[in-house]
$ cat final.csv   # CSV, C-alpha atoms and all ligand atoms
chain,number,residue,atom,x,y,z
A,1,MET,CA,-28.1,47.9,-26.5
A,2,SER,CA,-26.9,48.7,-30.0
A,3,THR,CA,-27.8,45.9,-32.5
A,4,SER,CA,-27.6,45.6,-36.2
A,5,LEU,CA,-31.4,45.6,-36.3
A,6,ALA,CA,-31.6,48.9,-34.4
A,7,TRP,CA,-29.2,50.4,-37.0
A,8,ASP,CA,-31.2,48.9,-39.8
A,9,GLU,CA,-34.3,50.7,-38.5
A,10,ARG,CA,-32.4,54.0,-38.1
A,11,TYR,CA,-31.2,53.8,-41.7
A,12,ALA,CA,-34.5,52.7,-43.1
A,13,GLY,CA,-35.8,56.2,-43.7
A,14,GLY,CA,-35.1,58.3,-46.8
A,15,GLY,CA,-32.5,60.7,-45.5
A,16,PHE,CA,-28.8,60.3,-44.4
A,17,GLN,CA,-28.5,60.2,-40.6
A,18,PHE,CA,-24.9,61.7,-40.7
A,19,GLY,CA,-25.2,63.5,-44.0
A,20,GLU,CA,-23.7,62.6,-47.3
A,21,ALA,CA,-20.5,64.7,-46.9
A,22,PRO,CA,-17.5,63.0,-45.3
A,23,ASN,CA,-16.5,63.6,-41.6
A,24,LEU,CA,-14.5,66.9,-41.5
A,25,PHE,CA,-11.5,65.4,-39.6
A,26,LEU,CA,-11.2,62.7,-42.3
A,27,LEU,CA,-11.5,65.4,-44.9
A,28,SER,CA,-8.7,67.3,-43.2
A,29,GLN,CA,-6.4,64.3,-43.7
A,30,ALA,CA,-6.7,64.4,-47.6
A,31,HIS,CA,-3.1,65.5,-47.9
A,32,ARG,CA,-2.0,62.0,-46.6
A,33,LEU,CA,-4.0,60.1,-49.2
A,34,ARG,CA,-2.8,59.0,-52.6
A,35,ARG,CA,-4.8,57.6,-55.5
A,36,GLY,CA,-4.7,53.8,-55.6
A,37,MET,CA,-4.4,53.4,-51.8
A,38,ARG,CA,-6.6,50.6,-50.4
A,39,ALA,CA,-9.1,52.1,-47.8
A,40,LEU,CA,-11.4,50.5,-45.3
A,41,ALA,CA,-14.2,52.6,-43.8
A,42,VAL,CA,-15.1,50.8,-40.6
A,43,GLY,CA,-18.7,51.0,-39.3
A,44,ASP,CA,-19.4,53.1,-42.4
A,45,GLY,CA,-23.2,53.0,-42.1
A,46,GLU,CA,-24.7,54.9,-45.1
A,47,GLY,CA,-21.3,55.2,-46.7
A,48,ARG,CA,-20.5,58.9,-46.6
A,49,ASN,CA,-16.8,58.3,-45.7
A,50,GLY,CA,-16.2,55.3,-47.9
A,51,VAL,CA,-17.7,57.1,-50.9
A,52,TRP,CA,-15.6,60.1,-50.3
A,53,LEU,CA,-12.5,58.0,-50.1
A,54,ALA,CA,-13.5,56.4,-53.4
A,55,GLU,CA,-13.9,59.9,-54.9
A,56,GLN,CA,-10.3,60.6,-53.9
A,57,GLY,CA,-9.2,57.7,-56.2
A,58,LEU,CA,-8.8,55.2,-53.4
A,59,ASP,CA,-9.9,51.5,-53.7
A,60,ALA,CA,-12.6,51.8,-50.9
A,61,THR,CA,-14.4,49.1,-48.9
A,62,SER,CA,-17.1,49.9,-46.4
A,63,VAL,CA,-17.8,47.4,-43.6
A,64,ASP,CA,-20.8,47.6,-41.2
A,65,TRP,CA,-23.3,45.2,-39.7
A,66,SER,CA,-26.3,47.1,-41.1
A,67,ALA,CA,-27.2,45.7,-44.5
A,68,VAL,CA,-29.7,48.6,-44.8
A,69,GLY,CA,-27.0,51.2,-44.3
A,70,LEU,CA,-24.7,49.5,-46.8
A,71,ALA,CA,-27.4,49.3,-49.4
A,72,LYS,CA,-27.6,53.1,-49.1
A,73,ALA,CA,-23.8,53.3,-49.3
A,74,GLY,CA,-23.9,51.4,-52.6
A,75,ALA,CA,-26.6,53.6,-54.0
A,76,LEU,CA,-24.7,56.8,-52.9
A,77,ALA,CA,-21.5,55.5,-54.7
A,78,GLU,CA,-23.5,54.7,-57.8
A,79,ARG,CA,-25.1,58.2,-57.8
A,80,ARG,CA,-21.6,59.8,-57.4
A,81,GLY,CA,-20.2,57.5,-60.1
A,82,VAL,CA,-17.5,55.8,-58.0
A,83,PRO,CA,-17.0,52.1,-57.1
A,84,ILE,CA,-17.0,50.9,-53.5
A,85,SER,CA,-17.1,47.4,-52.1
A,86,THR,CA,-19.3,46.6,-49.1
A,87,VAL,CA,-19.0,43.9,-46.5
A,88,THR,CA,-21.8,43.2,-44.0
A,89,ALA,CA,-20.1,42.0,-40.8
A,90,ASP,CA,-20.0,42.4,-37.0
A,91,LEU,CA,-16.6,44.1,-36.4
A,92,SER,CA,-16.2,42.3,-33.1
A,93,CYS,CA,-16.0,38.9,-34.8
A,94,TRP,CA,-15.2,39.8,-38.4
A,95,ASP,CA,-12.3,37.8,-40.0
A,96,TRP,CA,-10.3,41.0,-40.5
A,97,PRO,CA,-7.9,40.7,-43.5
A,98,GLU,CA,-4.2,40.7,-42.8
A,99,ALA,CA,-2.1,43.7,-43.8
A,100,ARG,CA,-4.6,44.7,-46.5
A,101,PHE,CA,-5.3,48.4,-46.1
A,102,ASP,CA,-3.3,51.6,-46.5
A,103,VAL,CA,-6.0,53.7,-44.7
A,104,ILE,CA,-8.6,52.7,-42.1
A,105,ALA,CA,-11.3,55.3,-41.3
A,106,TRP,CA,-12.8,54.7,-37.8
A,107,ILE,CA,-15.4,57.4,-37.6
A,108,TYR,CA,-17.9,57.4,-34.7
A,109,VAL,CA,-17.8,53.6,-34.1
A,110,HIS,CA,-18.6,53.0,-30.4
A,111,LEU,CA,-18.5,49.4,-29.3
A,112,PRO,CA,-18.8,47.7,-25.9
A,113,PRO,CA,-15.3,47.3,-24.3
A,114,GLN,CA,-14.7,43.6,-25.2
A,115,ASP,CA,-16.0,44.1,-28.7
A,116,ARG,CA,-13.9,47.3,-29.0
A,117,ALA,CA,-10.8,45.5,-28.0
A,118,ALA,CA,-11.4,42.7,-30.5
A,119,ALA,CA,-12.2,45.2,-33.3
A,120,CYS,CA,-9.1,47.3,-32.5
A,121,GLU,CA,-6.9,44.2,-32.7
A,122,GLY,CA,-8.5,43.4,-36.0
A,123,ALA,CA,-7.9,46.9,-37.4
A,124,VAL,CA,-4.3,46.9,-36.4
A,125,ARG,CA,-3.8,43.5,-38.1
A,126,ALA,CA,-5.6,44.8,-41.2
A,127,LEU,CA,-3.3,47.8,-41.6
A,128,ALA,CA,-0.6,47.3,-44.3
A,129,PRO,CA,3.0,48.4,-43.3
A,130,GLY,CA,3.0,52.2,-43.3
A,131,GLY,CA,-0.8,52.2,-43.2
A,132,LEU,CA,-2.8,55.0,-41.5
A,133,LEU,CA,-5.7,54.8,-39.1
A,134,VAL,CA,-7.9,57.9,-38.8
A,135,LEU,CA,-10.3,58.0,-35.8
A,136,GLU,CA,-12.9,60.4,-34.5
A,137,CYS,CA,-15.2,59.3,-31.6
A,138,PHE,CA,-17.1,60.8,-28.7
A,139,THR,CA,-15.6,61.1,-25.2
A,140,PRO,CA,-17.1,61.0,-21.7
A,141,ALA,CA,-17.3,64.8,-21.7
A,142,GLN,CA,-20.0,64.5,-24.3
A,143,GLU,CA,-22.5,63.3,-21.6
A,144,GLY,CA,-25.5,65.7,-21.5
A,145,ARG,CA,-24.8,67.2,-24.9
A,146,ARG,CA,-27.4,66.8,-27.6
A,147,SER,CA,-25.0,66.7,-30.5
A,148,GLY,CA,-24.9,62.9,-30.8
A,149,GLY,CA,-23.1,59.9,-29.3
A,150,PRO,CA,-24.1,56.7,-27.5
A,151,LYS,CA,-26.0,56.9,-24.2
A,152,ASP,CA,-24.0,54.1,-22.6
A,153,PRO,CA,-20.8,55.7,-21.1
A,154,ALA,CA,-18.9,52.3,-21.5
A,155,LEU,CA,-19.0,52.8,-25.3
A,156,LEU,CA,-17.2,56.2,-25.2
A,157,TRP,CA,-13.6,56.8,-26.3
A,158,SER,CA,-10.8,58.8,-24.9
A,159,ARG,CA,-7.2,59.7,-25.8
A,160,ALA,CA,-6.1,57.1,-23.2
A,161,LEU,CA,-8.2,54.4,-24.9
A,162,VAL,CA,-6.7,55.3,-28.3
A,163,GLU,CA,-3.2,55.0,-26.9
A,164,ARG,CA,-4.0,51.7,-25.2
A,165,HIS,CA,-5.8,50.0,-28.0
A,166,PHE,CA,-3.4,51.2,-30.7
A,167,ALA,CA,-0.2,51.0,-28.6
A,168,GLY,CA,1.6,49.3,-31.5
A,169,LEU,CA,1.0,52.2,-33.8
A,170,GLU,CA,2.9,55.5,-34.1
A,171,VAL,CA,0.8,58.5,-33.0
A,172,LEU,CA,1.0,61.2,-35.7
A,173,GLU,CA,-1.8,63.4,-34.3
A,174,VAL,CA,-4.1,63.1,-31.3
A,175,MET,CA,-6.4,65.6,-29.6
A,176,GLU,CA,-9.2,65.3,-27.1
A,177,GLY,CA,-11.5,68.3,-26.8
A,178,ALA,CA,-14.4,70.3,-28.3
A,179,ALA,CA,-15.3,70.4,-31.9
A,180,ARG,CA,-18.3,71.8,-33.8
A,181,LEU,CA,-20.2,69.1,-35.7
A,182,ASP,CA,-22.4,69.6,-38.8
A,183,GLU,CA,-23.1,66.0,-39.9
A,184,GLY,CA,-26.7,65.4,-40.9
A,185,PRO,CA,-29.5,65.4,-38.3
A,186,ARG,CA,-27.7,63.3,-35.8
A,187,HIS,CA,-24.5,65.2,-35.2
A,188,GLN,CA,-25.1,68.9,-34.9
A,189,GLY,CA,-23.4,71.5,-32.7
A,190,LEU,CA,-20.6,71.5,-30.2
A,191,ALA,CA,-19.3,68.1,-29.2
A,192,GLU,CA,-16.6,66.5,-27.1
A,193,VAL,CA,-14.4,64.2,-29.2
A,194,VAL,CA,-11.1,62.5,-29.6
A,195,ARG,CA,-9.4,62.7,-33.0
A,196,ALA,CA,-6.3,60.7,-33.9
A,197,VAL,CA,-4.1,59.7,-36.8
A,198,LEU,CA,-1.9,56.7,-36.2
A,199,ARG,CA,0.5,54.8,-38.5
A,200,ARG,CA,1.8,51.3,-38.6
A,201,ALA,CA,5.5,51.1,-38.9
A,202,PRO,CA,6.7,50.8,-42.6
B,1,LIG,C1,-22.7,56.5,-35.3
B,1,LIG,S1,-22.8,55.4,-36.7
B,1,LIG,C2,-21.5,56.1,-37.7
B,1,LIG,C3,-21.6,55.7,-39.2
B,1,LIG,C4,-20.4,56.3,-40.0
B,1,LIG,N1,-19.2,55.9,-39.5
B,1,LIG,C5,-20.5,57.8,-40.2
B,1,LIG,O1,-19.7,58.4,-39.5
B,1,LIG,O2,-21.3,58.3,-40.9
B,1,LIG,C6,-22.1,53.9,-36.1
B,1,LIG,C7,-22.0,52.8,-37.1
B,1,LIG,O3,-21.4,51.7,-36.5
B,1,LIG,C8,-22.0,50.5,-36.9
B,1,LIG,N2,-21.8,49.5,-35.9
B,1,LIG,C9,-22.0,49.5,-34.6
B,1,LIG,N3,-21.6,48.4,-34.0
B,1,LIG,C10,-21.1,47.6,-35.0
B,1,LIG,C11,-20.6,46.3,-35.0
B,1,LIG,N4,-20.4,45.6,-33.9
B,1,LIG,N5,-20.2,45.8,-36.2
B,1,LIG,C12,-20.3,46.5,-37.3
B,1,LIG,N6,-20.8,47.7,-37.4
B,1,LIG,C13,-21.2,48.3,-36.2
B,1,LIG,C14,-23.5,50.9,-37.0
B,1,LIG,O4,-24.3,50.0,-37.8
B,1,LIG,C15,-23.4,52.3,-37.5
B,1,LIG,O5,-23.5,52.3,-38.9
$ encode --input "final.csv" --output "structure tokens"
Amino acid sequence: MSTSLAWDERYAGGGFQFGEAPNLFLLSQAHRLRRGMRALAVGDGEGRNGVWLAEQGLDATSVDWSAVGLAKAGALAERRGVPISTVTADLSCWDWPEARFDVIAWIYVHLPPQDRAAACEGAVRALAPGGLLVLECFTPAQEGRRSGGPKDPALLWSRALVERHFAGLEVLEVMEGAARLDEGPRHQGLAEVVRAVLRRAP
């Protein structure tokens, strides 16, 4: 079972488990971002995505239940000379702010079904009108590959789950299929993912 303690242990070493560069799909969405937007990087771990959003001039917050990961996120931001806020919280029971964020990055966050439903509801509530949600996660076709992802199939995502959990949002982009990952020691090689960009109505 995934726990905050298990993630603290994974992050306790010196390196960055998923690298220091942002997720490539999030990077590909740079054209949708504007300076001054308020961004939330959900399950941001060691902070690579939150820090990159801050470097684009966004007002970035990273939330994760691993205090060890977030301490590294803060140190990475300081090293890169950008400010980020960090919040240590369990996404399944976090008091998600209302209509607060113009962008939410949901990158490789895999939760048990009930927790996932609660966190998705929270994320939709937290989007400001016109706000964007950018998601990349592993799908069931990833089973047997060594390029990353949870072992428990119940935690995996799919296009259908994206459409169900975010039914209230407009789908701007969605694809389920193969992608080549190069993200630190944990995400390397060909992988099966779902990628989506969704928007709350203005
Ligand atoms: C595979 S890592 C991805 C980290 C980061 N998004 C990235 O792409 O570099 C999953 C992250 O989700 C966090 N996480 C998992 N379950 C969580 C929960 N219930 N509440 C908060 N964070 C959680 C973990 O601590 C971990 O940092």
$ residues_around --input "final.csv" --residues "A:Glu176" --least-positions-apart "5" --cutoff "12 Å" --atoms "all atoms listed in the file" --output "MDAnalysis selection string"
chainID A and resid 135:142 157:163 191:196
$ write_last_selection --input "final.csv" --atoms "C-alpha atoms" --output "mmCIF file, in the coordinates of the input"
data_model
loop_
_atom_site.group_PDB
_atom_site.id
_atom_site.type_symbol
_atom_site.label_atom_id
_atom_site.label_comp_id
_atom_site.auth_asym_id
_atom_site.auth_seq_id
_atom_site.Cartn_x
_atom_site.Cartn_y
_atom_site.Cartn_z
ATOM 1 C CA LEU A 135 -10.300 58.000 -35.800
ATOM 2 C CA GLU A 136 -12.900 60.400 -34.500
ATOM 3 C CA CYS A 137 -15.200 59.300 -31.600
ATOM 4 C CA PHE A 138 -17.100 60.800 -28.700
ATOM 5 C CA THR A 139 -15.600 61.100 -25.200
ATOM 6 C CA PRO A 140 -17.100 61.000 -21.700
ATOM 7 C CA ALA A 141 -17.300 64.800 -21.700
ATOM 8 C CA GLN A 142 -20.000 64.500 -24.300
ATOM 9 C CA TRP A 157 -13.600 56.800 -26.300
ATOM 10 C CA SER A 158 -10.800 58.800 -24.900
ATOM 11 C CA ARG A 159 -7.200 59.700 -25.800
ATOM 12 C CA ALA A 160 -6.100 57.100 -23.200
ATOM 13 C CA LEU A 161 -8.200 54.400 -24.900
ATOM 14 C CA VAL A 162 -6.700 55.300 -28.300
ATOM 15 C CA GLU A 163 -3.200 55.000 -26.900
ATOM 16 C CA ALA A 191 -19.300 68.100 -29.200
ATOM 17 C CA GLU A 192 -16.600 66.500 -27.100
ATOM 18 C CA VAL A 193 -14.400 64.200 -29.200
ATOM 19 C CA VAL A 194 -11.100 62.500 -29.600
ATOM 20 C CA ARG A 195 -9.400 62.700 -33.000
ATOM 21 C CA ALA A 196 -6.300 60.700 -33.900
#
$ closest_residue --input "final.csv" --among "A:Val82, A:Val134, A:Ala118, A:Val42" --to "ligand LIG 1 (chain B)" --atoms "all atoms listed in the file"
A:Val42
$ closest_residue --input "final.csv" --among "A:Arg116, A:His31, A:Arg100, A:Arg200" --to "A:Glu170" --atoms "all atoms listed in the file"
A:Arg200
$ closest_residue --input "final.csv" --among "A:Val109, A:Ala167, A:Leu155, A:Met37" --to "ligand LIG 1 (chain B)" --atoms "only C-alpha atoms and all ligand atoms"
A:Val109
$ residues_around --input "final.csv" --residues "A:Val87" --least-positions-apart "4" --cutoff "7 Å" --atoms "all atoms listed in the file" --output "mmCIF file with C-alpha atoms, keeping the file's coordinate frame"
data_model
loop_
_atom_site.group_PDB
_atom_site.id
_atom_site.type_symbol
_atom_site.label_atom_id
_atom_site.label_comp_id
_atom_site.auth_asym_id
_atom_site.auth_seq_id
_atom_site.Cartn_x
_atom_site.Cartn_y
_atom_site.Cartn_z
ATOM 1 C CA SER A 62 -17.100 49.900 -46.400
ATOM 2 C CA VAL A 63 -17.800 47.400 -43.600
ATOM 3 C CA ASP A 64 -20.800 47.600 -41.200
#
$ closest_residue --input "final.csv" --among "A:Asp95, A:Glu55, A:Asp182, A:Asp44" --to "ligand LIG 1 (chain B)" --atoms "all atoms listed in the file"
A:Asp44
$ residues_near_ligand --input "final.csv" --ligand "ligand LIG 1 (chain B)" --cutoff "7 Å" --atoms "all atoms listed in the file" --output "ChimeraX atom specification"
/A:2-4,7,18,23,42-49,63-66,69,89-92,106-111,115,149
$ residues_around --input "final.csv" --residues "A:Val124" --least-positions-apart "5" --cutoff "9 Å" --atoms "only C-alpha atoms" --output "list in words"
Glu98, Ala99, Ala119, Leu133, Phe166, Gly168, Leu169 and Arg200 of chain A
$ closest_residue --input "final.csv" --among "A:Ala179, A:Ala75, A:Ala67, A:Ala128" --to "A:Glu9" --atoms "only C-alpha atoms"
A:Ala67
$ atom_distance --input "final.csv" --atom1 "atom CA of A:Pro129" --atom2 "atom CA of A:Pro22"
25.2 Å
$ closest_residue --input "final.csv" --among "A:Pro202, A:Gly122, A:Gly57, A:Gly14" --to "A:His165" --atoms "only C-alpha atoms"
A:Gly122
$ atom_distance --input "final.csv" --atom1 "atom CA of A:Leu70" --atom2 "atom CA of A:Phe101"
19.4 Å
$ residues_near_point --input "final.csv" --point "(-23.8, 56.8, -52.8)" --cutoff "10 Å" --atoms "all atoms listed in the file" --output "VMD selection string"
chain A and resid 20 46 to 48 50 to 52 70 to 84
$ atom_distance --input "final.csv" --atom1 "atom CA of A:Gln56" --atom2 "atom CA of A:Gly131"
16.6 Å
$ residues_around --input "final.csv" --residues "A:Leu172" --least-positions-apart "6" --cutoff "8 Å" --atoms "all atoms listed in the file" --output "PyMOL selection string"
chain A and resi 196-199
$ residues_near_point --input "final.csv" --point "(-17.1, 75.0, -33.0)" --cutoff "8 Å" --atoms "all atoms listed in the file" --output "ChimeraX atom specification"
/A:178-181,189-190
$ build_atoms --input "final.csv" --residues "stretch 13-47 of chain A" --atoms "N, CA and C atoms" --output "PDB file, keeping the file's coordinate frame"
ATOM      1  N   GLY A  13     -35.133  55.051 -43.171  1.00  0.00           N
ATOM      2  CA  GLY A  13     -35.800  56.200 -43.700  1.00  0.00           C
ATOM      3  C   GLY A  13     -35.075  56.728 -44.998  1.00  0.00           C
ATOM      4  N   GLY A  14     -35.617  57.788 -45.572  1.00  0.00           N
ATOM      5  CA  GLY A  14     -35.100  58.300 -46.800  1.00  0.00           C
ATOM      6  C   GLY A  14     -33.784  59.081 -46.701  1.00  0.00           C
ATOM      7  N   GLY A  15     -33.607  59.811 -45.577  1.00  0.00           N
ATOM      8  CA  GLY A  15     -32.500  60.700 -45.500  1.00  0.00           C
ATOM      9  C   GLY A  15     -31.185  59.993 -45.061  1.00  0.00           C
ATOM     10  N   PHE A  16     -30.119  60.794 -44.874  1.00  0.00           N
ATOM     11  CA  PHE A  16     -28.800  60.300 -44.400  1.00  0.00           C
ATOM     12  C   PHE A  16     -28.597  60.745 -42.986  1.00  0.00           C
ATOM     13  N   GLN A  17     -28.535  59.815 -42.028  1.00  0.00           N
ATOM     14  CA  GLN A  17     -28.500  60.200 -40.600  1.00  0.00           C
ATOM     15  C   GLN A  17     -27.285  61.069 -40.274  1.00  0.00           C
ATOM     16  N   PHE A  18     -26.150  60.871 -40.950  1.00  0.00           N
ATOM     17  CA  PHE A  18     -24.900  61.700 -40.700  1.00  0.00           C
ATOM     18  C   PHE A  18     -24.539  62.480 -41.895  1.00  0.00           C
ATOM     19  N   GLY A  19     -25.498  62.696 -42.783  1.00  0.00           N
ATOM     20  CA  GLY A  19     -25.200  63.500 -44.000  1.00  0.00           C
ATOM     21  C   GLY A  19     -24.567  62.650 -45.073  1.00  0.00           C
ATOM     22  N   GLU A  20     -24.343  63.303 -46.196  1.00  0.00           N
ATOM     23  CA  GLU A  20     -23.700  62.600 -47.300  1.00  0.00           C
ATOM     24  C   GLU A  20     -22.250  63.095 -47.479  1.00  0.00           C
ATOM     25  N   ALA A  21     -21.885  64.180 -46.779  1.00  0.00           N
ATOM     26  CA  ALA A  21     -20.500  64.700 -46.900  1.00  0.00           C
ATOM     27  C   ALA A  21     -19.630  63.899 -45.889  1.00  0.00           C
ATOM     28  N   PRO A  22     -18.329  63.801 -46.175  1.00  0.00           N
ATOM     29  CA  PRO A  22     -17.500  63.000 -45.300  1.00  0.00           C
ATOM     30  C   PRO A  22     -17.304  63.755 -43.927  1.00  0.00           C
ATOM     31  N   ASN A  23     -16.871  63.012 -42.936  1.00  0.00           N
ATOM     32  CA  ASN A  23     -16.500  63.600 -41.600  1.00  0.00           C
ATOM     33  C   ASN A  23     -15.372  64.607 -41.874  1.00  0.00           C
ATOM     34  N   LEU A  24     -15.456  65.762 -41.187  1.00  0.00           N
ATOM     35  CA  LEU A  24     -14.500  66.900 -41.500  1.00  0.00           C
ATOM     36  C   LEU A  24     -13.088  66.533 -41.071  1.00  0.00           C
ATOM     37  N   PHE A  25     -12.915  65.739 -40.019  1.00  0.00           N
ATOM     38  CA  PHE A  25     -11.500  65.400 -39.600  1.00  0.00           C
ATOM     39  C   PHE A  25     -10.916  64.464 -40.688  1.00  0.00           C
ATOM     40  N   LEU A  26     -11.707  63.512 -41.186  1.00  0.00           N
ATOM     41  CA  LEU A  26     -11.200  62.700 -42.300  1.00  0.00           C
ATOM     42  C   LEU A  26     -10.844  63.522 -43.478  1.00  0.00           C
ATOM     43  N   LEU A  27     -11.727  64.461 -43.806  1.00  0.00           N
ATOM     44  CA  LEU A  27     -11.500  65.400 -44.900  1.00  0.00           C
ATOM     45  C   LEU A  27     -10.164  66.132 -44.745  1.00  0.00           C
ATOM     46  N   SER A  28      -9.886  66.525 -43.492  1.00  0.00           N
ATOM     47  CA  SER A  28      -8.700  67.300 -43.200  1.00  0.00           C
ATOM     48  C   SER A  28      -7.395  66.475 -43.418  1.00  0.00           C
ATOM     49  N   GLN A  29      -7.556  65.172 -43.564  1.00  0.00           N
ATOM     50  CA  GLN A  29      -6.400  64.300 -43.700  1.00  0.00           C
ATOM     51  C   GLN A  29      -6.157  63.973 -45.218  1.00  0.00           C
ATOM     52  N   ALA A  30      -6.843  64.696 -46.112  1.00  0.00           N
ATOM     53  CA  ALA A  30      -6.700  64.400 -47.600  1.00  0.00           C
ATOM     54  C   ALA A  30      -5.292  64.458 -48.041  1.00  0.00           C
ATOM     55  N   HIS A  31      -4.483  65.325 -47.413  1.00  0.00           N
ATOM     56  CA  HIS A  31      -3.100  65.500 -47.900  1.00  0.00           C
ATOM     57  C   HIS A  31      -2.276  64.181 -47.658  1.00  0.00           C
ATOM     58  N   ARG A  32      -2.772  63.283 -46.816  1.00  0.00           N
ATOM     59  CA  ARG A  32      -2.000  62.000 -46.600  1.00  0.00           C
ATOM     60  C   ARG A  32      -2.434  60.919 -47.535  1.00  0.00           C
ATOM     61  N   LEU A  33      -3.460  61.168 -48.335  1.00  0.00           N
ATOM     62  CA  LEU A  33      -4.000  60.100 -49.200  1.00  0.00           C
ATOM     63  C   LEU A  33      -3.436  60.190 -50.597  1.00  0.00           C
ATOM     64  N   ARG A  34      -3.282  59.039 -51.212  1.00  0.00           N
ATOM     65  CA  ARG A  34      -2.800  59.000 -52.600  1.00  0.00           C
ATOM     66  C   ARG A  34      -3.737  58.071 -53.375  1.00  0.00           C
ATOM     67  N   ARG A  35      -3.934  58.401 -54.657  1.00  0.00           N
ATOM     68  CA  ARG A  35      -4.800  57.600 -55.500  1.00  0.00           C
ATOM     69  C   ARG A  35      -4.236  56.128 -55.486  1.00  0.00           C
ATOM     70  N   GLY A  36      -5.126  55.181 -55.522  1.00  0.00           N
ATOM     71  CA  GLY A  36      -4.700  53.800 -55.600  1.00  0.00           C
ATOM     72  C   GLY A  36      -4.519  53.136 -54.202  1.00  0.00           C
ATOM     73  N   MET A  37      -4.476  53.968 -53.145  1.00  0.00           N
ATOM     74  CA  MET A  37      -4.400  53.400 -51.800  1.00  0.00           C
ATOM     75  C   MET A  37      -5.641  52.523 -51.549  1.00  0.00           C
ATOM     76  N   ARG A  38      -5.477  51.496 -50.727  1.00  0.00           N
ATOM     77  CA  ARG A  38      -6.600  50.600 -50.400  1.00  0.00           C
ATOM     78  C   ARG A  38      -7.167  51.118 -49.021  1.00  0.00           C
ATOM     79  N   ALA A  39      -8.460  51.476 -49.033  1.00  0.00           N
ATOM     80  CA  ALA A  39      -9.100  52.100 -47.800  1.00  0.00           C
ATOM     81  C   ALA A  39     -10.195  51.244 -47.287  1.00  0.00           C
ATOM     82  N   LEU A  40     -10.300  51.222 -45.962  1.00  0.00           N
ATOM     83  CA  LEU A  40     -11.400  50.500 -45.300  1.00  0.00           C
ATOM     84  C   LEU A  40     -12.120  51.566 -44.406  1.00  0.00           C
ATOM     85  N   ALA A  41     -13.415  51.760 -44.648  1.00  0.00           N
ATOM     86  CA  ALA A  41     -14.200  52.600 -43.800  1.00  0.00           C
ATOM     87  C   ALA A  41     -14.995  51.674 -42.837  1.00  0.00           C
ATOM     88  N   VAL A  42     -14.601  51.718 -41.575  1.00  0.00           N
ATOM     89  CA  VAL A  42     -15.100  50.800 -40.600  1.00  0.00           C
ATOM     90  C   VAL A  42     -16.434  51.368 -39.997  1.00  0.00           C
ATOM     91  N   GLY A  43     -17.451  50.534 -39.847  1.00  0.00           N
ATOM     92  CA  GLY A  43     -18.700  51.000 -39.300  1.00  0.00           C
ATOM     93  C   GLY A  43     -19.232  52.181 -40.169  1.00  0.00           C
ATOM     94  N   ASP A  44     -19.221  51.988 -41.507  1.00  0.00           N
ATOM     95  CA  ASP A  44     -19.400  53.100 -42.400  1.00  0.00           C
ATOM     96  C   ASP A  44     -20.888  53.460 -42.630  1.00  0.00           C
ATOM     97  N   GLY A  45     -21.814  52.689 -42.072  1.00  0.00           N
ATOM     98  CA  GLY A  45     -23.200  53.000 -42.100  1.00  0.00           C
ATOM     99  C   GLY A  45     -23.712  53.310 -43.545  1.00  0.00           C
ATOM    100  N   GLU A  46     -24.175  54.541 -43.792  1.00  0.00           N
ATOM    101  CA  GLU A  46     -24.700  54.900 -45.100  1.00  0.00           C
ATOM    102  C   GLU A  46     -23.661  55.294 -46.106  1.00  0.00           C
ATOM    103  N   GLY A  47     -22.397  55.190 -45.713  1.00  0.00           N
ATOM    104  CA  GLY A  47     -21.300  55.200 -46.700  1.00  0.00           C
ATOM    105  C   GLY A  47     -20.674  56.565 -47.006  1.00  0.00           C
TER     106      GLY A  47
END
